[in-house]
$ cat input_37.json   # JSON, C-alpha atoms (C1' of nucleotides)
[["chain", "number", "residue", "atom", "x", "y", "z"],
["A", 2, "MET", "CA", 18.74, -13.20, -25.12],
["A", 3, "LEU", "CA", 16.89, -9.95, -25.56],
["A", 4, "LEU", "CA", 14.77, -8.76, -22.67],
["A", 5, "ARG", "CA", 12.14, -6.09, -23.01],
["A", 6, "ILE", "CA", 10.89, -4.18, -20.00],
["A", 7, "ASP", "CA", 7.79, -1.99, -20.02],
["A", 8, "LEU", "CA", 8.26, 0.65, -17.34],
["A", 9, "GLN", "CA", 4.65, 1.78, -17.79],
["A", 10, "SER", "CA", 3.21, -1.67, -17.19],
["A", 11, "GLU", "CA", 1.22, -2.40, -14.05],
["A", 12, "VAL", "CA", 3.26, -5.60, -13.80],
["A", 13, "PRO", "CA", 6.27, -5.02, -11.51],
["A", 14, "ILE", "CA", 9.62, -4.90, -13.31],
["A", 15, "TYR", "CA", 11.03, -7.81, -11.34],
["A", 16, "THR", "CA", 8.00, -9.90, -12.28],
["A", 17, "GLN", "CA", 8.44, -9.04, -15.96],
["A", 18, "LEU", "CA", 12.05, -10.16, -15.65],
["A", 19, "VAL", "CA", 11.15, -13.43, -13.94],
["A", 20, "ASN", "CA", 8.49, -14.19, -16.52],
["A", 21, "GLN", "CA", 10.68, -13.45, -19.50],
["A", 22, "ILE", "CA", 13.54, -15.57, -18.20],
["A", 23, "ILE", "CA", 11.16, -18.49, -17.57],
["A", 24, "GLU", "CA", 9.77, -17.99, -21.07],
["A", 25, "GLY", "CA", 13.34, -17.98, -22.37],
["A", 26, "ILE", "CA", 13.96, -21.30, -20.67],
["A", 27, "ALA", "CA", 10.73, -22.74, -22.04],
["A", 28, "GLY", "CA", 11.74, -21.68, -25.57],
["A", 29, "ARG", "CA", 15.35, -22.75, -25.01],
["A", 30, "GLN", "CA", 16.82, -19.41, -25.82],
["A", 31, "LEU", "CA", 18.27, -19.97, -22.36],
["A", 32, "THR", "CA", 19.81, -23.36, -21.80],
["A", 33, "PRO", "CA", 21.02, -25.14, -18.63],
["A", 34, "GLY", "CA", 24.44, -23.93, -17.57],
["A", 35, "GLU", "CA", 24.19, -20.71, -19.54],
["A", 36, "ALA", "CA", 25.24, -17.56, -17.70],
["A", 37, "LEU", "CA", 22.93, -14.63, -17.13],
["A", 38, "PRO", "CA", 24.29, -11.08, -17.03],
["A", 39, "SER", "CA", 25.49, -9.90, -13.62],
["A", 40, "VAL", "CA", 22.99, -7.94, -11.57],
["A", 41, "ARG", "CA", 24.90, -4.77, -12.37],
["A", 42, "GLY", "CA", 25.21, -5.58, -16.05],
["A", 43, "MET", "CA", 21.57, -6.46, -16.46],
["A", 44, "ALA", "CA", 20.54, -3.37, -14.52],
["A", 45, "ALA", "CA", 22.67, -1.16, -16.76],
["A", 46, "ASP", "CA", 21.35, -2.83, -19.92],
["A", 47, "LEU", "CA", 17.76, -2.23, -18.90],
["A", 48, "GLY", "CA", 18.33, 1.13, -17.26],
["A", 49, "ILE", "CA", 17.03, -0.03, -13.90],
["A", 50, "ASN", "CA", 18.42, -0.53, -10.43],
["A", 51, "LEU", "CA", 20.58, -3.50, -9.47],
["A", 52, "HIS", "CA", 18.28, -4.35, -6.57],
["A", 53, "THR", "CA", 15.37, -4.85, -8.92],
["A", 54, "VAL", "CA", 17.40, -7.34, -10.94],
["A", 55, "ASN", "CA", 18.62, -9.01, -7.77],
["A", 56, "LYS", "CA", 15.04, -9.47, -6.58],
["A", 57, "ALA", "CA", 14.18, -11.24, -9.82],
["A", 58, "TYR", "CA", 17.26, -13.48, -9.59],
["A", 59, "GLN", "CA", 16.47, -14.38, -5.99],
["A", 60, "LEU", "CA", 12.96, -15.41, -6.94],
["A", 61, "LEU", "CA", 14.26, -17.51, -9.82],
["A", 62, "LYS", "CA", 16.75, -19.16, -7.47],
["A", 63, "GLN", "CA", 14.05, -19.82, -4.89],
["A", 64, "GLU", "CA", 11.92, -21.58, -7.50],
["A", 65, "GLY", "CA", 14.88, -23.59, -8.77],
["A", 66, "TYR", "CA", 15.34, -22.05, -12.22],
["A", 67, "VAL", "CA", 18.84, -20.68, -11.61],
["A", 68, "GLN", "CA", 21.87, -21.22, -9.44],
["A", 69, "ILE", "CA", 23.73, -18.32, -7.90],
["A", 70, "HIS", "CA", 27.43, -18.71, -7.17],
["A", 71, "ARG", "CA", 29.04, -16.09, -5.03],
["A", 72, "GLN", "CA", 31.79, -15.00, -7.33],
["A", 73, "LYS", "CA", 30.85, -16.61, -10.60],
["A", 74, "GLY", "CA", 27.45, -15.17, -11.14],
["A", 75, "VAL", "CA", 24.05, -16.54, -12.09],
["A", 76, "ILE", "CA", 23.52, -19.51, -14.39],
["A", 77, "ILE", "CA", 20.48, -21.35, -15.65],
["A", 78, "ASN", "CA", 20.14, -24.40, -13.44],
["A", 79, "PRO", "CA", 22.23, -27.21, -15.02],
["A", 80, "ASP", "CA", 20.76, -29.83, -12.66],
["A", 81, "GLY", "CA", 17.24, -29.72, -14.07],
["A", 82, "PHE", "CA", 14.17, -27.67, -13.33],
["A", 83, "PRO", "CA", 11.45, -27.85, -10.70],
["A", 84, "SER", "CA", 8.80, -30.49, -11.19],
["A", 85, "ALA", "CA", 5.04, -30.12, -11.37],
["A", 86, "ASP", "CA", 4.55, -30.67, -7.64],
["A", 87, "ASP", "CA", 1.45, -30.06, -5.56],
["A", 88, "ASP", "CA", 2.32, -26.49, -4.64],
["A", 89, "TYR", "CA", 2.74, -25.67, -8.28],
["A", 90, "MET", "CA", -0.51, -27.32, -9.25],
["A", 91, "VAL", "CA", -2.44, -25.39, -6.62],
["A", 92, "ARG", "CA", -0.85, -22.11, -7.67],
["A", 93, "MET", "CA", -1.46, -22.89, -11.32],
["A", 94, "ARG", "CA", -5.14, -23.62, -10.80],
["A", 95, "GLU", "CA", -5.59, -20.49, -8.70],
["A", 96, "GLN", "CA", -4.27, -18.39, -11.56],
["A", 97, "LEU", "CA", -6.17, -20.30, -14.19],
["A", 98, "ARG", "CA", -9.57, -20.20, -12.50],
["A", 99, "PRO", "CA", -10.27, -16.47, -12.99],
["A", 100, "LEU", "CA", -9.21, -16.75, -16.63],
["A", 101, "VAL", "CA", -11.58, -19.63, -17.24],
["A", 102, "ALA", "CA", -14.41, -17.88, -15.42],
["A", 103, "GLU", "CA", -14.00, -14.81, -17.58],
["A", 104, "ALA", "CA", -13.89, -16.99, -20.69],
["A", 105, "VAL", "CA", -17.14, -18.67, -19.68],
["A", 106, "CYS", "CA", -18.86, -15.32, -19.10],
["A", 107, "ARG", "CA", -17.74, -14.08, -22.50],
["A", 108, "GLU", "CA", -19.05, -17.24, -24.13],
["A", 109, "HIS", "CA", -15.60, -18.27, -25.09],
["A", 110, "THR", "CA", -16.03, -22.01, -25.52],
["A", 111, "GLU", "CA", -13.90, -24.65, -23.88],
["A", 112, "GLU", "CA", -12.53, -25.64, -27.27],
["A", 113, "GLN", "CA", -11.58, -22.07, -28.18],
["A", 114, "PHE", "CA", -9.86, -21.59, -24.84],
["A", 115, "VAL", "CA", -8.02, -24.88, -25.10],
["A", 116, "GLU", "CA", -6.93, -23.95, -28.60],
["A", 117, "GLU", "CA", -5.33, -20.77, -27.25],
["A", 118, "CYS", "CA", -3.39, -22.82, -24.73],
["A", 119, "ARG", "CA", -2.26, -25.25, -27.39],
["A", 120, "ASN", "CA", -1.10, -22.36, -29.56],
["A", 121, "LEU", "CA", 1.06, -21.04, -26.76],
["A", 122, "PHE", "CA", 2.52, -24.48, -26.14],
["A", 123, "GLN", "CA", 3.32, -24.87, -29.81],
["A", 124, "GLN", "CA", 4.87, -21.42, -29.82],
["A", 125, "PHE", "CA", 7.41, -22.48, -27.22],
["A", 126, "LYS", "CA", 8.05, -25.75, -28.99],
["A", 127, "ALA", "CA", 8.62, -23.92, -32.27],
["A", 128, "GLU", "CA", 11.25, -21.74, -30.64],
["A", 129, "ARG", "CA", 13.38, -24.76, -29.78],
["A", 130, "LEU", "CA", 15.40, -25.19, -32.94],
["B", 18, "MET", "CA", -23.90, -16.02, -2.76],
["B", 19, "LEU", "CA", -21.13, -16.53, -0.28],
["B", 20, "LEU", "CA", -17.94, -14.56, -0.72],
["B", 21, "ARG", "CA", -14.70, -15.38, 1.00],
["B", 22, "ILE", "CA", -11.97, -12.80, 1.38],
["B", 23, "ASP", "CA", -8.43, -13.60, 2.42],
["B", 24, "LEU", "CA", -7.00, -10.52, 4.09],
["B", 25, "GLN", "CA", -3.54, -12.11, 4.15],
["B", 26, "SER", "CA", -3.47, -12.78, 0.42],
["B", 27, "GLU", "CA", -1.11, -10.89, -1.82],
["B", 28, "VAL", "CA", -4.08, -10.44, -4.16],
["B", 29, "PRO", "CA", -5.79, -7.10, -3.43],
["B", 30, "ILE", "CA", -9.19, -7.40, -1.74],
["B", 31, "TYR", "CA", -11.00, -5.60, -4.54],
["B", 32, "THR", "CA", -9.45, -8.02, -7.06],
["B", 33, "GLN", "CA", -10.58, -10.99, -5.00],
["B", 34, "LEU", "CA", -14.07, -9.53, -5.01],
["B", 35, "VAL", "CA", -14.07, -8.94, -8.76],
["B", 36, "ASN", "CA", -12.81, -12.46, -9.43],
["B", 37, "GLN", "CA", -15.31, -14.15, -7.17],
["B", 38, "ILE", "CA", -18.23, -12.26, -8.63],
["B", 39, "ILE", "CA", -17.15, -13.16, -12.16],
["B", 40, "GLU", "CA", -16.77, -16.76, -11.04],
["B", 41, "GLY", "CA", -20.25, -16.53, -9.53],
["B", 42, "ILE", "CA", -21.62, -15.38, -12.88],
["B", 43, "ALA", "CA", -19.78, -18.14, -14.71],
["B", 44, "GLY", "CA", -21.27, -20.72, -12.35],
["B", 45, "ARG", "CA", -24.68, -19.00, -12.40],
["B", 46, "GLN", "CA", -24.86, -18.54, -8.68],
["B", 47, "LEU", "CA", -25.32, -14.96, -9.84],
["B", 48, "THR", "CA", -27.86, -14.49, -12.62],
["B", 49, "PRO", "CA", -28.65, -11.49, -14.85],
["B", 50, "GLY", "CA", -30.85, -8.97, -13.07],
["B", 51, "GLU", "CA", -29.93, -10.26, -9.63],
["B", 52, "ALA", "CA", -29.08, -7.61, -7.05],
["B", 53, "LEU", "CA", -25.74, -7.46, -5.29],
["B", 54, "PRO", "CA", -25.49, -6.20, -1.70],
["B", 55, "SER", "CA", -25.06, -2.45, -1.33],
["B", 56, "VAL", "CA", -21.53, -1.18, -0.97],
["B", 57, "ARG", "CA", -22.16, -0.61, 2.71],
["B", 58, "GLY", "CA", -23.86, -3.95, 3.20],
["B", 59, "MET", "CA", -21.14, -5.89, 1.44],
["B", 60, "ALA", "CA", -18.44, -3.98, 3.32],
["B", 61, "ALA", "CA", -20.09, -4.77, 6.64],
["B", 62, "ASP", "CA", -20.53, -8.44, 5.74],
["B", 63, "LEU", "CA", -16.87, -8.81, 4.87],
["B", 64, "GLY", "CA", -15.53, -6.48, 7.55],
["B", 65, "ILE", "CA", -13.89, -4.19, 5.05],
["B", 66, "ASN", "CA", -14.28, -0.59, 3.92],
["B", 67, "LEU", "CA", -17.06, 0.54, 1.61],
["B", 68, "HIS", "CA", -14.55, 2.13, -0.77],
["B", 69, "THR", "CA", -12.89, -1.21, -1.35],
["B", 70, "VAL", "CA", -16.24, -2.70, -2.33],
["B", 71, "ASN", "CA", -17.02, 0.33, -4.47],
["B", 72, "LYS", "CA", -13.74, -0.07, -6.33],
["B", 73, "ALA", "CA", -14.62, -3.65, -7.17],
["B", 74, "TYR", "CA", -18.12, -2.67, -8.32],
["B", 75, "GLN", "CA", -16.73, 0.12, -10.50],
["B", 76, "LEU", "CA", -14.35, -2.29, -12.20],
["B", 77, "LEU", "CA", -17.16, -4.78, -12.80],
["B", 78, "LYS", "CA", -19.29, -1.99, -14.26],
["B", 79, "GLN", "CA", -16.44, -0.83, -16.48],
["B", 80, "GLU", "CA", -16.05, -4.34, -17.88],
["B", 81, "GLY", "CA", -19.79, -4.72, -18.42],
["B", 82, "TYR", "CA", -20.61, -7.34, -15.79],
["B", 83, "VAL", "CA", -22.93, -5.19, -13.70],
["B", 84, "GLN", "CA", -25.14, -2.15, -13.96],
["B", 85, "ILE", "CA", -25.16, 0.49, -11.27],
["B", 86, "HIS", "CA", -28.33, 2.54, -10.74],
["B", 87, "ARG", "CA", -28.02, 5.59, -8.59],
["B", 88, "GLN", "CA", -30.58, 4.79, -5.96],
["B", 89, "LYS", "CA", -31.47, 1.19, -6.69],
["B", 90, "GLY", "CA", -28.11, -0.40, -6.27],
["B", 91, "VAL", "CA", -25.97, -2.82, -8.25],
["B", 92, "ILE", "CA", -27.36, -5.65, -10.37],
["B", 93, "ILE", "CA", -25.82, -8.32, -12.54],
["B", 94, "ASN", "CA", -26.08, -6.99, -16.10],
["B", 95, "PRO", "CA", -29.45, -8.15, -17.49],
["B", 96, "ASP", "CA", -28.52, -7.08, -21.04],
["B", 97, "GLY", "CA", -25.83, -9.71, -21.57],
["B", 98, "PHE", "CA", -22.14, -9.86, -20.88],
["B", 99, "PRO", "CA", -19.05, -8.59, -22.68],
["B", 100, "SER", "CA", -17.93, -10.55, -25.70],
["B", 101, "ALA", "CA", -14.56, -12.14, -26.45],
["B", 102, "ASP", "CA", -13.25, -9.07, -28.27],
["B", 103, "ASP", "CA", -9.67, -8.32, -29.33],
["B", 104, "ASP", "CA", -8.74, -6.48, -26.14],
["B", 105, "TYR", "CA", -9.87, -9.43, -24.10],
["B", 106, "MET", "CA", -8.01, -11.90, -26.29],
["B", 107, "VAL", "CA", -4.78, -9.94, -25.96],
["B", 108, "ARG", "CA", -5.16, -9.65, -22.21],
["B", 109, "MET", "CA", -6.03, -13.31, -21.92],
["B", 110, "ARG", "CA", -2.98, -14.44, -23.86],
["B", 111, "GLU", "CA", -0.73, -12.15, -21.84],
["B", 112, "GLN", "CA", -1.90, -13.80, -18.64],
["B", 113, "LEU", "CA", -1.80, -17.28, -20.09],
["B", 114, "ARG", "CA", 1.71, -17.07, -21.57],
["B", 115, "PRO", "CA", 3.65, -17.12, -18.26],
["B", 116, "LEU", "CA", 1.53, -20.02, -17.04],
["B", 117, "VAL", "CA", 2.25, -22.04, -20.15],
["B", 118, "ALA", "CA", 5.95, -21.19, -19.99],
["B", 119, "GLU", "CA", 6.15, -22.42, -16.42],
["B", 120, "ALA", "CA", 4.28, -25.57, -17.36],
["B", 121, "VAL", "CA", 6.74, -26.26, -20.17],
["B", 122, "CYS", "CA", 9.72, -25.80, -17.85],
["B", 123, "ARG", "CA", 8.21, -28.19, -15.33],
["B", 124, "GLU", "CA", 7.64, -30.75, -18.06],
["B", 125, "HIS", "CA", 3.94, -30.45, -17.64],
["B", 126, "THR", "CA", 2.70, -31.70, -21.01],
["B", 127, "GLU", "CA", 0.32, -29.88, -23.27],
["B", 128, "GLU", "CA", -2.30, -32.55, -22.65],
["B", 129, "GLN", "CA", -1.97, -32.33, -18.88],
["B", 130, "PHE", "CA", -2.28, -28.56, -18.99],
["B", 131, "VAL", "CA", -5.26, -28.69, -21.32],
["B", 132, "GLU", "CA", -6.88, -31.22, -19.03],
["B", 133, "GLU", "CA", -6.61, -28.78, -16.12],
["B", 134, "CYS", "CA", -8.33, -26.13, -18.18],
["B", 135, "ARG", "CA", -11.08, -28.53, -19.18],
["B", 136, "ASN", "CA", -11.60, -29.49, -15.55],
["B", 137, "LEU", "CA", -12.11, -25.87, -14.60],
["B", 138, "PHE", "CA", -14.54, -25.38, -17.45],
["B", 139, "GLN", "CA", -16.51, -28.45, -16.39],
["B", 140, "GLN", "CA", -16.48, -27.21, -12.83],
["B", 141, "PHE", "CA", -18.32, -24.04, -13.83],
["B", 142, "LYS", "CA", -20.71, -26.01, -16.01],
["B", 143, "ALA", "CA", -21.45, -28.39, -13.17],
["B", 144, "GLU", "CA", -22.39, -25.51, -10.93],
["B", 145, "ARG", "CA", -25.16, -24.44, -13.28],
["B", 146, "LEU", "CA", -28.03, -26.58, -12.08],
["C", 28, "DT", "C1'", 49.84, -8.62, -3.95],
["C", 29, "DT", "C1'", 46.65, -5.84, -6.05],
["C", 30, "DG", "C1'", 42.85, -4.98, -8.62],
["C", 31, "DT", "C1'", 38.50, -6.28, -10.60],
["C", 32, "DG", "C1'", 34.13, -8.39, -10.73],
["C", 33, "DT", "C1'", 30.91, -11.44, -8.37],
["C", 34, "DG", "C1'", 26.72, -11.52, -5.20],
["C", 35, "DT", "C1'", 25.25, -9.60, -0.63],
["C", 36, "DT", "C1'", 23.85, -6.48, 2.87],
["C", 37, "DA", "C1'", 22.56, -2.09, 4.83],
["C", 38, "DT", "C1'", 20.39, 2.34, 4.92],
["C", 39, "DA", "C1'", 17.48, 5.75, 3.16],
["C", 40, "DG", "C1'", 14.29, 7.99, 0.47],
["C", 41, "DT", "C1'", 10.52, 8.49, -3.07],
["C", 42, "DT", "C1'", 6.47, 7.20, -5.32],
["C", 43, "DC", "C1'", 2.41, 4.74, -5.81],
["C", 44, "DT", "C1'", -1.23, 1.45, -4.51],
["C", 45, "DA", "C1'", -4.34, -0.50, -1.26],
["C", 46, "DT", "C1'", -7.05, 0.26, 2.52],
["C", 47, "DT", "C1'", -9.35, 2.61, 6.05],
["C", 48, "DA", "C1'", -11.89, 6.46, 8.36],
["C", 49, "DT", "C1'", -15.20, 10.24, 8.24],
["C", 50, "DA", "C1'", -18.20, 13.14, 6.34],
["C", 51, "DA", "C1'", -21.21, 15.02, 3.36],
["C", 52, "DC", "C1'", -24.14, 15.17, -0.93],
["C", 53, "DA", "C1'", -27.89, 13.89, -4.32],
["C", 54, "DA", "C1'", -31.62, 11.21, -5.52],
["C", 55, "DT", "C1'", -35.07, 7.75, -4.91],
["C", 56, "DT", "C1'", -38.35, 5.25, -2.28],
["C", 57, "DA", "C1'", -41.15, 3.94, 1.75],
["D", 1, "DT", "C1'", -39.95, 13.16, 6.30],
["D", 2, "DA", "C1'", -36.75, 9.41, 6.98],
["D", 3, "DA", "C1'", -33.97, 5.90, 5.29],
["D", 4, "DT", "C1'", -31.09, 3.94, 1.81],
["D", 5, "DT", "C1'", -28.85, 4.17, -2.62],
["D", 6, "DG", "C1'", -24.30, 5.35, -5.00],
["D", 7, "DT", "C1'", -21.00, 9.27, -5.19],
["D", 8, "DT", "C1'", -17.55, 12.52, -3.93],
["D", 9, "DA", "C1'", -14.11, 14.63, -1.03],
["D", 10, "DT", "C1'", -10.46, 14.65, 2.26],
["D", 11, "DA", "C1'", -7.10, 12.63, 5.04],
["D", 12, "DA", "C1'", -4.29, 9.23, 6.97],
["D", 13, "DT", "C1'", -1.74, 4.75, 7.36],
["D", 14, "DA", "C1'", 0.68, 0.75, 5.71],
["D", 15, "DG", "C1'", 3.12, -1.60, 2.48],
["D", 16, "DA", "C1'", 5.19, -2.59, -2.10],
["D", 17, "DA", "C1'", 8.15, -1.21, -5.76],
["D", 18, "DC", "C1'", 11.96, 1.16, -7.12],
["D", 19, "DT", "C1'", 15.95, 3.93, -6.74],
["D", 20, "DA", "C1'", 20.46, 5.73, -4.83],
["D", 21, "DT", "C1'", 24.74, 4.94, -2.38],
["D", 22, "DA", "C1'", 27.84, 2.63, 0.01],
["D", 23, "DA", "C1'", 30.24, -0.94, 1.84],
["D", 24, "DC", "C1'", 31.49, -5.94, 2.50],
["D", 25, "DA", "C1'", 33.26, -10.74, 1.41],
["D", 26, "DC", "C1'", 35.11, -13.69, -1.69],
["D", 27, "DA", "C1'", 37.38, -15.54, -5.81],
["D", 28, "DC", "C1'", 40.19, -15.08, -9.68],
["D", 29, "DA", "C1'", 43.53, -12.99, -12.75],
["D", 30, "DA", "C1'", 47.32, -9.86, -13.90]]

$ encode --input "input_37.json" --output "structure tokens"
Amino acid sequence: MLLRIDLQSEVPIYTQLVNQIIEGIAGRQLTPGEALPSVRGMAADLGINLHTVNKAYQLLKQEGYVQIHRQKGVIINPDGFPSADDDYMVRMREQLRPLVAEAVCREHTEEQFVEECRNLFQQFKAERL
Amino acid sequence: MLLRIDLQSEVPIYTQLVNQIIEGIAGRQLTPGEALPSVRGMAADLGINLHTVNKAYQLLKQEGYVQIHRQKGVIINPDGFPSADDDYMVRMREQLRPLVAEAVCREHTEEQFVEECRNLFQQFKAERL
DNA sequence: TTGTGTGTTATAGTTCTATTATAACAATTA
DNA sequence: TAATTGTTATAATAGAACTATAACACACAA
């Protein structure tokens, strides 16, 4: 799977990595059991430091998206992914609220906003061939 | 309008301020032409520095939510709010994509996600009495 | 056994952002 | 004139993000 990092972005590199890997899982470019590059390999590929990659992997592990085995490396979690629990729902709403508020101010209607969400959902579904 | 700041949050104070003011506009607790507290007043109320408040006000001005008059103070923009232009749409989708990806991974269905968005929309509508 | 490749840990340093602290300035209004 | 606006300038602190090196522990293969 191809990862693109924008060094100029205000979004931290490790966050970009986490997001793209989660998006890869959602689109099934990354499948359960599949190996990710080693921290050194990924760092070399992207031209960044191994600690930055490691930080991303640790976060993904903490959230349950990957497993890390000491001498084997990092794999997409073969035992399933985290569920939509309460913590997630709270976090999700906290991130969604400012987006909805801005949409309301800009007279973006509920239907238009919902349509954008549906498009993104369909986009991930379409990637799963 | 009451503003609540969480000093422990990972979200910068000025961002919390910006978000809450936009949410206030969306819910019409803040109406066009209405005055906001002075940078010093707001800073004192919240127990933070005036520059932090000023940074939030400058961002709100830059995005078109408020007007700043040299000796009068800051008011909610009486001439209307920014529209849903291309820049906004791009930014909006960029912020929405990771949320949708995470939802997909957690087997949160499109309908459940859309319902959360609708709830937030209705919440802002309900606040406009 | 001896490398080699994993993740892990430790230390250090740089850069940038966020925040605070003071102070002063310019312009309007009471 | 005095008080209150936002504005600008300067400086300092704290923390996050990122990098650079180095070393360690463990497993597996030649």

$ interface_residues --input "input_37.json" --of "chain B" --to "chain C" --cutoff "8 Å" --atoms "all atoms listed in the file" --output "list of chain:residue names"
B:Pro29, B:Asn66, B:Thr69, B:Arg87, B:Gln88, B:Lys89

$ interface_residues --input "input_37.json" --of "chain A" --to "chain D" --cutoff "12 Å" --atoms "all atoms listed in the file" --output "list in words"
Leu8, Glu11, Val12, Pro13, Ile14, Tyr15, Thr16, Ala44, Gly48, Ile49, Asn50, Leu51, His52, Thr53, Val54, Lys56, His70, Arg71, Gln72, Lys73 and Gly74 of chain A

$ interface_residues --input "input_37.json" --of "chain B" --to "chain A" --cutoff "8 Å" --atoms "all atoms listed in the file" --output "JSON, numbers by chain"
{"B": [36, 39, 40, 42, 43, 98, 99, 100, 101, 109, 110, 113, 114, 115, 116, 117, 118, 119, 120, 121, 122, 123, 124, 125, 127, 131, 133, 134, 135, 137, 138, 141]}

$ atom_distance --input "input_37.json" --atom1 "CA of Gln46 in chain B" --atom2 "CA of Met18 in chain B"
6.5 Å

$ atom_distance --input "input_37.json" --atom1 "CA of Ala57 in chain A" --atom2 "CA of Leu130 in chain A"
27.0 Å
